[in-house]
Each structure stands twice: as structure tokens, then as C-alpha cells.
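Next comes my_file-v9.txt, with compact mmCIF, C-alpha atoms (C1' of nucleotides).
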```
# COMPACT_ATOMS: atom_id res chain seq x y z
CA MET A 1 -21.38 -14.47 4.63
CA SER A 2 -18.96 -12.47 2.55
CA THR A 3 -20.13 -9.04 1.52
CA THR A 4 -18.08 -8.21 -1.52
CA THR A 5 -17.38 -4.52 -1.80
CA SER A 6 -16.64 -2.85 -5.09
CA ALA A 7 -13.07 -2.33 -3.90
CA ASP A 8 -12.72 -6.07 -3.37
CA LEU A 9 -13.91 -6.71 -6.89
CA ALA A 10 -11.45 -4.18 -8.24
CA ARG A 11 -8.57 -5.83 -6.40
CA THR A 12 -9.66 -9.27 -7.52
CA ALA A 13 -9.92 -8.13 -11.11
CA ARG A 14 -6.48 -6.57 -10.81
CA LEU A 15 -4.99 -9.78 -9.51
CA PHE A 16 -6.46 -11.89 -12.28
CA HIS A 17 -5.49 -9.29 -14.83
CA ALA A 18 -1.86 -9.55 -13.77
CA LEU A 19 -1.84 -13.18 -14.89
CA SER A 20 -3.86 -12.65 -18.05
CA ASP A 21 -0.83 -12.09 -20.26
CA GLU A 22 1.53 -14.69 -21.67
CA THR A 23 4.64 -12.64 -21.13
CA ARG A 24 3.76 -12.16 -17.48
CA LEU A 25 3.02 -15.84 -17.06
CA ARG A 26 6.45 -16.61 -18.46
CA ILE A 27 7.99 -14.18 -16.04
CA VAL A 28 6.23 -15.88 -13.15
CA GLN A 29 7.46 -19.25 -14.36
CA MET A 30 11.00 -17.93 -14.37
CA LEU A 31 10.56 -16.54 -10.90
CA GLN A 32 9.29 -19.84 -9.58
CA ARG A 33 12.86 -21.08 -9.58
CA GLY A 34 14.07 -18.10 -7.64
CA GLU A 35 15.06 -14.49 -7.91
CA CYS A 36 15.83 -12.98 -11.27
CA CYS A 37 17.13 -9.64 -12.36
CA VAL A 38 15.69 -8.04 -15.45
CA CYS A 39 18.66 -9.03 -17.58
CA ASP A 40 18.15 -12.68 -16.64
CA LEU A 41 14.64 -12.35 -18.00
CA THR A 42 15.53 -10.54 -21.20
CA GLY A 43 18.00 -13.32 -21.89
CA ALA A 44 15.61 -16.15 -21.15
CA LEU A 45 12.49 -14.69 -22.70
CA GLY A 46 14.04 -12.85 -25.61
CA ALA A 47 12.07 -9.71 -24.91
CA ALA A 48 13.10 -6.09 -24.86
CA GLN A 49 14.14 -4.70 -21.51
CA SER A 50 11.58 -1.93 -21.45
CA ARG A 51 8.90 -4.47 -22.21
CA LEU A 52 9.85 -6.58 -19.24
CA SER A 53 10.08 -3.59 -16.95
CA PHE A 54 6.55 -2.74 -17.98
CA HIS A 55 5.22 -6.21 -17.17
CA LEU A 56 7.19 -6.44 -13.96
CA LYS A 57 5.58 -3.21 -12.88
CA THR A 58 2.16 -4.69 -13.55
CA LEU A 59 3.00 -7.77 -11.49
CA ARG A 60 4.46 -5.68 -8.69
CA GLU A 61 1.46 -3.37 -8.51
CA ALA A 62 -0.78 -6.39 -8.28
CA GLY A 63 1.25 -7.59 -5.31
CA LEU A 64 2.43 -10.78 -6.96
CA VAL A 65 6.06 -9.83 -7.19
CA SER A 66 8.53 -7.85 -5.11
CA ASP A 67 11.85 -6.31 -5.99
CA ARG A 68 15.12 -5.89 -4.18
CA ARG A 69 17.77 -3.53 -5.42
CA CYS A 70 21.37 -4.55 -5.20
CA GLY A 71 24.03 -2.43 -6.74
CA ARG A 72 22.98 -1.89 -10.27
CA TRP A 73 20.79 -4.94 -10.37
CA VAL A 74 17.21 -5.27 -9.29
CA TYR A 75 16.14 -8.74 -8.28
CA TYR A 76 12.53 -9.74 -8.65
CA SER A 77 10.86 -12.58 -6.82
CA LEU A 78 7.40 -13.98 -6.20
CA VAL A 79 5.62 -12.74 -3.10
CA PRO A 80 5.07 -15.76 -0.84
CA GLY A 81 1.39 -16.47 -0.40
CA ALA A 82 0.17 -14.21 -3.15
CA LEU A 83 -0.69 -17.07 -5.44
CA ASP A 84 -2.36 -18.89 -2.59
CA GLU A 85 -4.58 -15.89 -2.14
CA LEU A 86 -5.40 -15.95 -5.82
CA SER A 87 -6.24 -19.60 -5.58
CA GLU A 88 -8.58 -18.87 -2.70
CA LEU A 89 -10.26 -16.12 -4.67
CA ALA A 90 -10.94 -18.58 -7.46
CA LEU A 91 -12.37 -21.11 -5.04
CA GLY A 92 -14.54 -18.42 -3.52
CA LEU A 93 -16.23 -17.94 -6.86
CA ARG A 94 -17.36 -21.53 -7.15
CA PRO A 95 -21.06 -22.38 -7.16
CA THR A 96 -22.57 -22.70 -3.72
CA GLU A 97 -23.67 -26.06 -2.34
CA GLU A 98 -27.38 -25.52 -2.75
CA THR A 99 -26.86 -24.54 -6.37
CA TRP A 100 -26.24 -28.14 -7.33
CA THR A 101 -28.94 -29.67 -5.20
CA SER A 102 -31.65 -27.23 -6.25
CA GLN A 103 -31.11 -27.40 -9.98
CA GLY A 104 -32.19 -29.39 -12.95
CA GLU A 105 -35.82 -28.42 -12.83
CA GLY A 106 -36.76 -29.07 -16.45
CA CYS A 107 -37.05 -25.98 -18.54
CA CYS A 108 -37.38 -22.35 -17.56
CA ARG A 109 -36.77 -22.99 -13.84
CA MET B 1 8.20 -32.22 -14.66
CA SER B 2 5.60 -30.12 -16.40
CA THR B 3 6.61 -28.85 -19.80
CA THR B 4 4.43 -25.84 -20.39
CA THR B 5 3.63 -25.38 -24.04
CA SER B 6 2.82 -22.05 -25.54
CA ALA B 7 -0.75 -23.24 -26.05
CA ASP B 8 -1.02 -23.96 -22.33
CA LEU B 9 0.13 -20.46 -21.55
CA ALA B 10 -2.40 -19.04 -23.96
CA ARG B 11 -5.21 -20.99 -22.37
CA THR B 12 -4.09 -20.02 -18.89
CA ALA B 13 -3.91 -16.38 -19.86
CA ARG B 14 -7.37 -16.66 -21.38
CA LEU B 15 -8.78 -18.13 -18.22
CA PHE B 16 -7.32 -15.44 -16.00
CA HIS B 17 -8.39 -12.79 -18.45
CA ALA B 18 -11.98 -13.94 -18.17
CA LEU B 19 -11.96 -12.99 -14.50
CA SER B 20 -10.01 -9.78 -14.91
CA ASP B 21 -13.07 -7.59 -15.33
CA GLU B 22 -15.42 -6.33 -12.63
CA THR B 23 -18.54 -6.83 -14.68
CA ARG B 24 -17.62 -10.44 -15.33
CA LEU B 25 -16.82 -11.01 -11.68
CA ARG B 26 -20.26 -9.69 -10.80
CA ILE B 27 -21.81 -12.03 -13.31
CA VAL B 28 -19.98 -14.96 -11.77
CA GLN B 29 -21.17 -13.91 -8.33
CA MET B 30 -24.72 -13.89 -9.60
CA LEU B 31 -24.30 -17.31 -11.16
CA GLN B 32 -22.93 -18.75 -7.92
CA ARG B 33 -26.48 -18.84 -6.66
CA GLY B 34 -27.71 -20.66 -9.70
CA GLU B 35 -28.75 -20.24 -13.29
CA CYS B 36 -29.60 -16.83 -14.64
CA CYS B 37 -30.96 -15.62 -17.91
CA VAL B 38 -29.57 -12.44 -19.39
CA CYS B 39 -32.55 -10.40 -18.30
CA ASP B 40 -32.00 -11.46 -14.68
CA LEU B 41 -28.51 -10.06 -14.98
CA THR B 42 -29.45 -6.79 -16.65
CA GLY B 43 -31.88 -6.25 -13.82
CA ALA B 44 -29.47 -7.08 -11.05
CA LEU B 45 -26.37 -5.44 -12.49
CA GLY B 46 -27.99 -2.47 -14.18
CA ALA B 47 -26.04 -3.01 -17.37
CA ALA B 48 -27.12 -2.94 -20.99
CA GLN B 49 -28.13 -6.25 -22.51
CA SER B 50 -25.58 -6.16 -25.30
CA ARG B 51 -22.89 -5.46 -22.76
CA LEU B 52 -23.79 -8.53 -20.75
CA SER B 53 -24.01 -10.69 -23.84
CA PHE B 54 -20.51 -9.58 -24.68
CA HIS B 55 -19.14 -10.51 -21.26
CA LEU B 56 -21.06 -13.76 -21.15
CA LYS B 57 -19.48 -14.68 -24.44
CA THR B 58 -16.05 -14.01 -22.98
CA LEU B 59 -16.83 -16.21 -19.98
CA ARG B 60 -18.25 -18.94 -22.18
CA GLU B 61 -15.31 -18.96 -24.54
CA ALA B 62 -13.01 -19.30 -21.57
CA GLY B 63 -15.00 -22.35 -20.49
CA LEU B 64 -16.16 -20.87 -17.21
CA VAL B 65 -19.82 -20.65 -18.09
CA SER B 66 -22.28 -22.66 -20.13
CA ASP B 67 -25.64 -21.76 -21.57
CA ARG B 68 -28.89 -23.60 -22.04
CA ARG B 69 -31.61 -22.30 -24.31
CA CYS B 70 -35.18 -22.62 -23.22
CA GLY B 71 -37.92 -21.01 -25.23
CA ARG B 72 -36.87 -17.45 -25.68
CA TRP B 73 -34.66 -17.44 -22.65
CA VAL B 74 -31.05 -18.49 -22.40
CA TYR B 75 -29.92 -19.64 -18.99
CA TYR B 76 -26.31 -19.28 -18.02
CA SER B 77 -24.57 -21.20 -15.30
CA LEU B 78 -21.09 -21.85 -13.96
CA VAL B 79 -19.28 -24.85 -15.36
CA PRO B 80 -18.64 -27.23 -12.46
CA GLY B 81 -14.95 -27.66 -11.81
CA ALA B 82 -13.80 -24.80 -13.98
CA LEU B 83 -12.92 -22.61 -11.03
CA ASP B 84 -11.18 -25.51 -9.37
CA GLU B 85 -9.00 -25.79 -12.42
CA LEU B 86 -8.25 -22.11 -12.22
CA SER B 87 -7.33 -22.48 -8.58
CA GLU B 88 -4.96 -25.29 -9.47
CA LEU B 89 -3.36 -23.17 -12.16
CA ALA B 90 -2.70 -20.47 -9.59
CA LEU B 91 -1.17 -22.97 -7.19
CA GLY B 92 0.96 -24.35 -9.99
CA LEU B 93 2.60 -20.96 -10.34
CA ARG B 94 3.79 -20.83 -6.75
CA PRO B 95 7.47 -20.79 -5.96
CA THR B 96 9.06 -24.22 -5.82
CA GLU B 97 10.25 -25.75 -2.55
CA GLU B 98 13.94 -25.26 -3.11
CA THR B 99 13.36 -21.62 -3.90
CA TRP B 100 12.75 -20.83 -0.27
CA THR B 101 15.50 -22.96 1.15
CA SER B 102 18.17 -21.75 -1.27
CA GLN B 103 17.55 -18.05 -0.93
CA GLY B 104 18.55 -15.14 1.19
CA GLU B 105 22.18 -15.13 0.20
CA GLY B 106 23.02 -11.54 1.04
CA CYS B 107 23.29 -9.31 -1.98
CA CYS B 108 23.62 -10.17 -5.65
CA ARG B 109 23.12 -13.91 -5.15
C1' DC C 1 36.97 10.95 -14.02
C1' DA C 2 35.07 8.68 -18.12
C1' DG C 3 32.93 5.11 -19.86
C1' DA C 4 29.85 0.93 -19.59
C1' DC C 5 26.06 -1.26 -17.58
C1' DG C 6 21.30 -2.28 -15.52
C1' DC C 7 17.23 -0.49 -15.10
C1' DA C 8 12.96 2.74 -14.98
C1' DT C 9 10.37 5.77 -17.52
C1' DC C 10 8.52 8.30 -21.28
C1' DA C 11 6.32 9.36 -25.78
C1' DA C 12 4.41 7.57 -29.84
C1' DC C 13 2.22 4.17 -31.91
C1' DA C 14 -0.25 -0.44 -32.51
C1' DT C 15 -3.38 -3.52 -30.75
C1' DT C 16 -6.88 -5.14 -27.89
C1' DT C 17 -10.79 -4.66 -25.16
C1' DC C 18 -14.98 -2.50 -23.72
C1' DT C 19 -19.26 0.18 -24.49
C1' DT C 20 -23.28 1.73 -26.94
C1' DG C 21 -27.04 1.78 -30.00
C1' DA C 22 -28.93 -0.53 -34.07
C1' DT C 23 -30.46 -4.55 -36.40
C1' DG C 24 -32.11 -9.14 -36.90
C1' DC C 25 -33.94 -13.53 -35.57
C1' DA C 26 -36.53 -16.99 -33.21
C1' DA C 27 -39.97 -17.96 -29.92
C1' DA C 28 -43.95 -16.57 -27.28
C1' DA C 29 -48.17 -13.95 -26.89
C1' DT C 30 -52.06 -11.55 -28.71
C1' DA D 1 -50.70 -13.10 -38.75
C1' DT D 2 -48.94 -9.47 -36.28
C1' DT D 3 -46.68 -7.89 -32.32
C1' DT D 4 -43.78 -8.40 -28.46
C1' DT D 5 -40.00 -10.30 -25.94
C1' DG D 6 -35.24 -12.17 -25.05
C1' DC D 7 -31.18 -12.52 -26.94
C1' DA D 8 -26.95 -12.47 -30.23
C1' DT D 9 -24.38 -9.81 -33.15
C1' DC D 10 -22.59 -5.99 -35.50
C1' DA D 11 -20.44 -1.45 -36.47
C1' DA D 12 -18.50 2.57 -34.57
C1' DG D 13 -16.33 4.90 -31.20
C1' DA D 14 -13.90 5.25 -26.62
C1' DA D 15 -10.71 3.61 -23.53
C1' DA D 16 -7.27 0.67 -21.85
C1' DT D 17 -3.27 -2.07 -22.69
C1' DG D 18 0.95 -3.58 -24.83
C1' DT D 19 5.19 -2.47 -27.76
C1' DT D 20 9.22 0.01 -29.25
C1' DG D 21 13.00 3.04 -29.22
C1' DA D 22 14.92 6.97 -26.82
C1' DT D 23 16.44 9.22 -22.70
C1' DG D 24 18.11 9.64 -18.15
C1' DC D 25 19.71 8.23 -13.66
C1' DG D 26 22.40 5.68 -10.46
C1' DT D 27 26.13 2.38 -9.92
C1' DC D 28 30.05 -0.20 -11.03
C1' DT D 29 34.65 -0.57 -13.74
C1' DG D 30 38.76 0.88 -15.65
```
If you took the structure in this file and wrote it as C-alpha cells, what would it be?
Amino acid sequence: MSTTTSADLARTARLFHALSDETRLRIVQMLQRGECCVCDLTGALGAAQSRLSFHLKTLREAGLVSDRRCGRWVYYSLVPGALDELSELALGLRPTEETWTSQGEGCCR
Amino acid sequence: MSTTTSADLARTARLFHALSDETRLRIVQMLQRGECCVCDLTGALGAAQSRLSFHLKTLREAGLVSDRRCGRWVYYSLVPGALDELSELALGLRPTEETWTSQGEGCCR
DNA sequence: CAGACGCATCAACATTTCTTGATGCAAAAT
DNA sequence: ATTTTGCATCAAGAAATGTTGATGCGTCTG
């Protein structure tokens, strides 16, 4: 029995929101292959630097991405397990067992 | 090798967007237990009818929910498998194997 | 030290998304 | 036949989100 608090919902919404943008999905795809600094991303995605910083911030605040400073570069990478958690959240929203056994009763329930 | 077209990205973003809102998450939670008509939802969620219709439309257009008219009621329900697809999409964004074996090289790669 | 570089952040604006109340329609109910 | 009910849809406004160019800060390079 999972009592879902409003805070849980907010976090879940936040997580899904982080992946609800094409630019951010592209960023994640880049990061799949390994760490990237912002300039790697501007090159590959052809997007302005400030734009990417903005989206990286969104991803970081959602907990999907982490950053590591190194000299004048900042390397971003995917947080291990974060996407597994997201996957679990999605599965947790699926219809319950009894839903599919107790349905189909003609019209109007 | 999965070539990800721009259309794919758009659909993925759309799917995640559908679950990026607390009201819609609540709706999905309600629907987990089985079909609901809009008036069930207004009652349970304490939200205006037009507001719920708006969010239900978003969920429907994302393919997460389907509707069935019956007399003057419209019953909404979760589309079987849709959340599994979403879960798979999340897993597909995880870091690749080699990412974790080829990393950790001190500073600046 | 003086520049160049990588990045975050900000302000201004554009765009999208959400909310609310009104209107309309089709299907009961009377 | 008229009214009521359940819902979609619309227009208008409010709020959130994304974009762009400018600015500033720390760090490397010469």
C-alpha cells in the first residue's frame, strides 16, 4: 500500500518534467555515452551556451544529472540509477490487477 | 543501434510532458483503480470540470488514456501498456555499459 | 599581468501551458 | 417539449517556461 503524499507527486512531476523537452532529451542522449562539458554540447547540439546551461540546471535540479568542475570546464554526467527510478515511477502508475479482471461490464458500469 | 529521429524525440517529450503535472498524476492514480467519468474526478479531486477536461485531453493526446462514451457520461481509462512503454523509454535513456567502465579518469578526461 | 576561455546567471522578451467562467450540444429525465 | 445533466470547447487572463544577448567571475595561457 503506497500512500502518495503531495510532496511525492510534486517530485514525480518534476522528474517527468525534466524529460519533457526535446533539448533536454538530446542532452541526456549525449550524456549516455559519457561525461560532457557544456562546450561539447553546444558543439554537438548547435545551441547557445546559455540555453544549455539553463536546461542542464533543470536536469540537475531534478536529480538526473550531476556536475563535476575541473579547471575551467564543468563536466556533466547522468546520475546512475536516476532513470531506473523514473522507470519504476512509470510502472507504479500502471493499472492495478483487479482493474482488468473487474472491467468490461457493458455500459455505464 | 537505435537512430533516434526528431519525431521520436517529440513523441517522447510529449509522453513525459503528460505526466509532468500534479493534476494529471492524480487523474492517473484515480484511473489505476478503473474507469472514471469526469464527474467522478471532479468529486474526488475537487477541481473544476473544464480543468479536468483540459488535462484529460492532454493525457488522451499523449496516448496514455482512452475514453468511452456511454449515454451522457464519458468514461476514461488508462491505455494498457502505455506506461510500460514510458518505462522502457526511461530505461532507454540510461547510461550505456561502456560509460561506467571507461570513466573516472582523474580530471579533464 | 593581460588577455582568452568556459561557464553561470541575469534581464527582457517570446512562447507555452494552465486556469476560470461562459457557451453550446447531446442525451437523459420530467 | 422543456428542463436538467455531463461533458467539450472556447476566450481571456495568469502563470510558468524557454530563448537570447549581455555581464561577470574564476581559471588557464601567453
Closest of C:DA29, C:DA22, C:DC7, C:DC13 to Val74 in chain A - atom-to-atom distances counting all atoms listed in the file:
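Residue with the minimum atom-to-atom distance to Val74 in chain A: C:DC7.
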If the cut-off is 8 Å, can you tell me the residues of chain B near chain A, counting all atoms listed in the file? I'd like them as number ranges by chain.
B: 9-10, 12-17, 19-22, 25, 28-29, 31-34, 70-71, 73, 78, 80, 83-84, 86-88, 90-91, 93-96, 98-100, 103, 107-108
Show which residues sit within 12 Å of DG24 in chain C, as a ChimeraX atom specification. Count only C-alpha atoms (C1' of nucleotides), and ignore same-chain residues fewer than 6 positions away.
/D:7-10
Distance cut-off 10 Å, centre (-5.6, -2.8, -24.0) in file coordinates, counting all atoms listed in the file: which residues qualify? Return them as a VMD selection string.
(chain C and resid 15 to 18) or (chain D and resid 15 to 18)
Find the residues around DA8 in chain C up to 10 Å (all atoms listed in the file counted), leave out those fewer than 4 positions away in its own chain, and share them as a PyMOL selection string.
(chain A and resi 49-50+53-54+57) or (chain D and resi 24-25)
Write to file, as a PDB file, in the coordinates of the input, the residues of the selection just made, with C-alpha atoms (C1' of nucleotides).
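So part-v8.pdb came out as:
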```
ATOM      1  CA  GLN A  49      14.140  -4.700 -21.510  1.00  0.00           C
ATOM      2  CA  SER A  50      11.580  -1.930 -21.450  1.00  0.00           C
ATOM      3  CA  SER A  53      10.080  -3.590 -16.950  1.00  0.00           C
ATOM      4  CA  PHE A  54       6.550  -2.740 -17.980  1.00  0.00           C
ATOM      5  CA  LYS A  57       5.580  -3.210 -12.880  1.00  0.00           C
TER       6      LYS A  57
ATOM      7  C1'  DG D  24      18.110   9.640 -18.150  1.00  0.00           C
ATOM      8  C1'  DC D  25      19.710   8.230 -13.660  1.00  0.00           C
TER       9       DC D  25
END
```
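Among the candidate residues D:DT23, D:DA1, D:DG6, D:DG30, the one lying nearest to chain B is D:DG6, with distances computed using all atoms listed in the file.
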Output the coordinates of chain A after least-squares fitting to chain B on all in-order C-alpha pairs, as a PDB file with C-alpha atoms, in the coordinates of the input.
```pdb
ATOM      1  CA  MET A   1       7.888 -32.208 -14.393  1.00  0.00           C
ATOM      2  CA  SER A   2       5.408 -30.077 -16.262  1.00  0.00           C
ATOM      3  CA  THR A   3       6.513 -28.872 -19.656  1.00  0.00           C
ATOM      4  CA  THR A   4       4.405 -25.831 -20.317  1.00  0.00           C
ATOM      5  CA  THR A   5       3.648 -25.393 -23.981  1.00  0.00           C
ATOM      6  CA  SER A   6       2.834 -22.042 -25.487  1.00  0.00           C
ATOM      7  CA  ALA A   7      -0.725 -23.264 -26.013  1.00  0.00           C
ATOM      8  CA  ASP A   8      -1.013 -23.971 -22.297  1.00  0.00           C
ATOM      9  CA  LEU A   9       0.131 -20.465 -21.511  1.00  0.00           C
ATOM     10  CA  ALA A  10      -2.385 -19.040 -23.943  1.00  0.00           C
ATOM     11  CA  ARG A  11      -5.213 -21.000 -22.341  1.00  0.00           C
ATOM     12  CA  THR A  12      -4.091 -20.022 -18.868  1.00  0.00           C
ATOM     13  CA  ALA A  13      -3.903 -16.380 -19.844  1.00  0.00           C
ATOM     14  CA  ARG A  14      -7.360 -16.663 -21.370  1.00  0.00           C
ATOM     15  CA  LEU A  15      -8.784 -18.133 -18.203  1.00  0.00           C
ATOM     16  CA  PHE A  16      -7.327 -15.440 -15.988  1.00  0.00           C
ATOM     17  CA  HIS A  17      -8.373 -12.789 -18.454  1.00  0.00           C
ATOM     18  CA  ALA A  18     -11.982 -13.918 -18.194  1.00  0.00           C
ATOM     19  CA  LEU A  19     -11.968 -12.966 -14.516  1.00  0.00           C
ATOM     20  CA  SER A  20     -10.005  -9.753 -14.927  1.00  0.00           C
ATOM     21  CA  ASP A  21     -13.076  -7.569 -15.344  1.00  0.00           C
ATOM     22  CA  GLU A  22     -15.421  -6.318 -12.650  1.00  0.00           C
ATOM     23  CA  THR A  23     -18.551  -6.813 -14.680  1.00  0.00           C
ATOM     24  CA  ARG A  24     -17.621 -10.423 -15.340  1.00  0.00           C
ATOM     25  CA  LEU A  25     -16.823 -11.000 -11.694  1.00  0.00           C
ATOM     26  CA  ARG A  26     -20.262  -9.692 -10.814  1.00  0.00           C
ATOM     27  CA  ILE A  27     -21.799 -12.022 -13.332  1.00  0.00           C
ATOM     28  CA  VAL A  28     -19.971 -14.959 -11.791  1.00  0.00           C
ATOM     29  CA  GLN A  29     -21.171 -13.925  -8.352  1.00  0.00           C
ATOM     30  CA  MET A  30     -24.729 -13.911  -9.623  1.00  0.00           C
ATOM     31  CA  LEU A  31     -24.256 -17.306 -11.177  1.00  0.00           C
ATOM     32  CA  GLN A  32     -22.918 -18.756  -7.959  1.00  0.00           C
ATOM     33  CA  ARG A  33     -26.470 -18.870  -6.672  1.00  0.00           C
ATOM     34  CA  GLY A  34     -27.692 -20.690  -9.722  1.00  0.00           C
ATOM     35  CA  GLU A  35     -28.737 -20.271 -13.302  1.00  0.00           C
ATOM     36  CA  CYS A  36     -29.581 -16.858 -14.645  1.00  0.00           C
ATOM     37  CA  CYS A  37     -30.945 -15.636 -17.913  1.00  0.00           C
ATOM     38  CA  VAL A  38     -29.576 -12.453 -19.388  1.00  0.00           C
ATOM     39  CA  CYS A  39     -32.564 -10.419 -18.261  1.00  0.00           C
ATOM     40  CA  ASP A  40     -31.988 -11.518 -14.665  1.00  0.00           C
ATOM     41  CA  LEU A  41     -28.504 -10.088 -14.979  1.00  0.00           C
ATOM     42  CA  THR A  42     -29.469  -6.823 -16.627  1.00  0.00           C
ATOM     43  CA  GLY A  43     -31.910  -6.301 -13.785  1.00  0.00           C
ATOM     44  CA  ALA A  44     -29.469  -7.132 -11.025  1.00  0.00           C
ATOM     45  CA  LEU A  45     -26.394  -5.466 -12.454  1.00  0.00           C
ATOM     46  CA  GLY A  46     -28.015  -2.500 -14.137  1.00  0.00           C
ATOM     47  CA  ALA A  47     -26.079  -3.023 -17.332  1.00  0.00           C
ATOM     48  CA  ALA A  48     -27.160  -2.923 -20.936  1.00  0.00           C
ATOM     49  CA  GLN A  49     -28.167  -6.222 -22.465  1.00  0.00           C
ATOM     50  CA  SER A  50     -25.646  -6.114 -25.269  1.00  0.00           C
ATOM     51  CA  ARG A  51     -22.943  -5.428 -22.733  1.00  0.00           C
ATOM     52  CA  LEU A  52     -23.816  -8.507 -20.750  1.00  0.00           C
ATOM     53  CA  SER A  53     -24.054 -10.660 -23.839  1.00  0.00           C
ATOM     54  CA  PHE A  54     -20.552  -9.536 -24.688  1.00  0.00           C
ATOM     55  CA  HIS A  55     -19.161 -10.483 -21.278  1.00  0.00           C
ATOM     56  CA  LEU A  56     -21.077 -13.731 -21.170  1.00  0.00           C
ATOM     57  CA  LYS A  57     -19.497 -14.635 -24.467  1.00  0.00           C
ATOM     58  CA  THR A  58     -16.067 -13.979 -23.004  1.00  0.00           C
ATOM     59  CA  LEU A  59     -16.831 -16.192 -20.012  1.00  0.00           C
ATOM     60  CA  ARG A  60     -18.277 -18.916 -22.209  1.00  0.00           C
ATOM     61  CA  GLU A  61     -15.308 -18.941 -24.565  1.00  0.00           C
ATOM     62  CA  ALA A  62     -13.022 -19.274 -21.589  1.00  0.00           C
ATOM     63  CA  GLY A  63     -14.988 -22.328 -20.501  1.00  0.00           C
ATOM     64  CA  LEU A  64     -16.148 -20.846 -17.222  1.00  0.00           C
ATOM     65  CA  VAL A  65     -19.795 -20.631 -18.111  1.00  0.00           C
ATOM     66  CA  SER A  66     -22.260 -22.657 -20.152  1.00  0.00           C
ATOM     67  CA  ASP A  67     -25.615 -21.761 -21.605  1.00  0.00           C
ATOM     68  CA  ARG A  68     -28.862 -23.602 -22.064  1.00  0.00           C
ATOM     69  CA  ARG A  69     -31.564 -22.298 -24.328  1.00  0.00           C
ATOM     70  CA  CYS A  70     -35.146 -22.622 -23.270  1.00  0.00           C
ATOM     71  CA  GLY A  71     -37.859 -21.030 -25.281  1.00  0.00           C
ATOM     72  CA  ARG A  72     -36.871 -17.462 -25.672  1.00  0.00           C
ATOM     73  CA  TRP A  73     -34.640 -17.467 -22.650  1.00  0.00           C
ATOM     74  CA  VAL A  74     -31.040 -18.503 -22.419  1.00  0.00           C
ATOM     75  CA  TYR A  75     -29.905 -19.654 -19.014  1.00  0.00           C
ATOM     76  CA  TYR A  76     -26.287 -19.273 -18.047  1.00  0.00           C
ATOM     77  CA  SER A  77     -24.549 -21.204 -15.317  1.00  0.00           C
ATOM     78  CA  LEU A  78     -21.060 -21.832 -13.994  1.00  0.00           C
ATOM     79  CA  VAL A  79     -19.250 -24.842 -15.400  1.00  0.00           C
ATOM     80  CA  PRO A  80     -18.622 -27.230 -12.495  1.00  0.00           C
ATOM     81  CA  GLY A  81     -14.926 -27.643 -11.856  1.00  0.00           C
ATOM     82  CA  ALA A  82     -13.781 -24.772 -14.003  1.00  0.00           C
ATOM     83  CA  LEU A  83     -12.916 -22.603 -11.052  1.00  0.00           C
ATOM     84  CA  ASP A  84     -11.176 -25.506  -9.388  1.00  0.00           C
ATOM     85  CA  GLU A  85      -8.993 -25.782 -12.435  1.00  0.00           C
ATOM     86  CA  LEU A  86      -8.229 -22.096 -12.216  1.00  0.00           C
ATOM     87  CA  SER A  87      -7.333 -22.490  -8.593  1.00  0.00           C
ATOM     88  CA  GLU A  88      -4.960 -25.295  -9.487  1.00  0.00           C
ATOM     89  CA  LEU A  89      -3.350 -23.174 -12.165  1.00  0.00           C
ATOM     90  CA  ALA A  90      -2.678 -20.489  -9.589  1.00  0.00           C
ATOM     91  CA  LEU A  91      -1.175 -23.000  -7.193  1.00  0.00           C
ATOM     92  CA  GLY A  92       0.980 -24.359  -9.979  1.00  0.00           C
ATOM     93  CA  LEU A  93       2.611 -20.974 -10.327  1.00  0.00           C
ATOM     94  CA  ARG A  94       3.787 -20.831  -6.743  1.00  0.00           C
ATOM     95  CA  PRO A  95       7.498 -20.800  -5.943  1.00  0.00           C
ATOM     96  CA  THR A  96       9.066 -24.227  -5.803  1.00  0.00           C
ATOM     97  CA  GLU A  97      10.235 -25.742  -2.525  1.00  0.00           C
ATOM     98  CA  GLU A  98      13.930 -25.248  -3.096  1.00  0.00           C
ATOM     99  CA  THR A  99      13.340 -21.595  -3.901  1.00  0.00           C
ATOM    100  CA  TRP A 100      12.757 -20.812  -0.252  1.00  0.00           C
ATOM    101  CA  THR A 101      15.511 -22.966   1.141  1.00  0.00           C
ATOM    102  CA  SER A 102      18.169 -21.762  -1.284  1.00  0.00           C
ATOM    103  CA  GLN A 103      17.574 -18.052  -0.935  1.00  0.00           C
ATOM    104  CA  GLY A 104      18.636 -15.160   1.176  1.00  0.00           C
ATOM    105  CA  GLU A 105      22.253 -15.177   0.152  1.00  0.00           C
ATOM    106  CA  GLY A 106      23.146 -11.576   0.956  1.00  0.00           C
ATOM    107  CA  CYS A 107      23.360  -9.342  -2.038  1.00  0.00           C
ATOM    108  CA  CYS A 108      23.653 -10.148  -5.713  1.00  0.00           C
ATOM    109  CA  ARG A 109      23.110 -13.903  -5.238  1.00  0.00           C
TER     110      ARG A 109
END
```
Show me, as JSON lines, the residues of chain C having an atom within 9 Å of chain B, each with the closest atom pair and its distance in Å, using all atoms listed in the file.
```
{"residue": "C:DC18", "atom": "C1'", "partner": "B:Arg51", "partner_atom": "CA", "distance": 8.5}
{"residue": "C:DT19", "atom": "C1'", "partner": "B:Arg51", "partner_atom": "CA", "distance": 6.9}
{"residue": "C:DT20", "atom": "C1'", "partner": "B:Arg51", "partner_atom": "CA", "distance": 8.3}
{"residue": "C:DA26", "atom": "C1'", "partner": "B:Arg72", "partner_atom": "CA", "distance": 7.6}
{"residue": "C:DA27", "atom": "C1'", "partner": "B:Arg72", "partner_atom": "CA", "distance": 5.3}
{"residue": "C:DA28", "atom": "C1'", "partner": "B:Arg72", "partner_atom": "CA", "distance": 7.3}
```
Atom-to-atom span, CA of Val38 in chain A and C1' of DA14 in chain C, Å:
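Separation between CA of Val38 in chain A and C1' of DA14 in chain C: 24.6 Å.
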Which centre and which edge lengths, in Å to one decimal, describe the axis-aligned box that holds all listed atoms of range 9-22 of chain D after 3 Å is added on each side, as lines of an AutoDock Vina configuration file?
```
center_x = -4.7
center_y = -1.4
center_z = -29.2
size_x = 45.3
size_y = 22.8
size_z = 20.6
```
What gap, in Å, lies between CA of Leu52 in chain B and CA of Gly63 in chain A?
29.4 Å
Would you mind listing, for every residue of chain D within 12 Å of chain A, the two atoms forming the shortest contact and the distance between them in Å to one decimal, using all atoms listed in the file, sorted by chain and ascending residue number, as a Markdown table?
```
| residue | atom | partner | partner_atom | distance |
| --- | --- | --- | --- | --- |
| D:DT17 | C1' | A:Asp21 | CA | 10.6 |
| D:DG18 | C1' | A:Arg51 | CA | 8.4 |
| D:DT19 | C1' | A:Arg51 | CA | 7.0 |
| D:DT20 | C1' | A:Arg51 | CA | 8.4 |
| D:DG21 | C1' | A:Ser50 | CA | 9.3 |
| D:DA22 | C1' | A:Ser50 | CA | 10.9 |
| D:DC25 | C1' | A:Arg72 | CA | 11.2 |
| D:DG26 | C1' | A:Arg72 | CA | 7.6 |
| D:DT27 | C1' | A:Arg72 | CA | 5.3 |
| D:DC28 | C1' | A:Arg72 | CA | 7.3 |
```
As an exercise, work out the distance from C1' of DG3 in chain C to C1' of DT29 in chain D in Å and give it to one decimal place.
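C1' of DG3 in chain C sits 8.5 Å away from C1' of DT29 in chain D.
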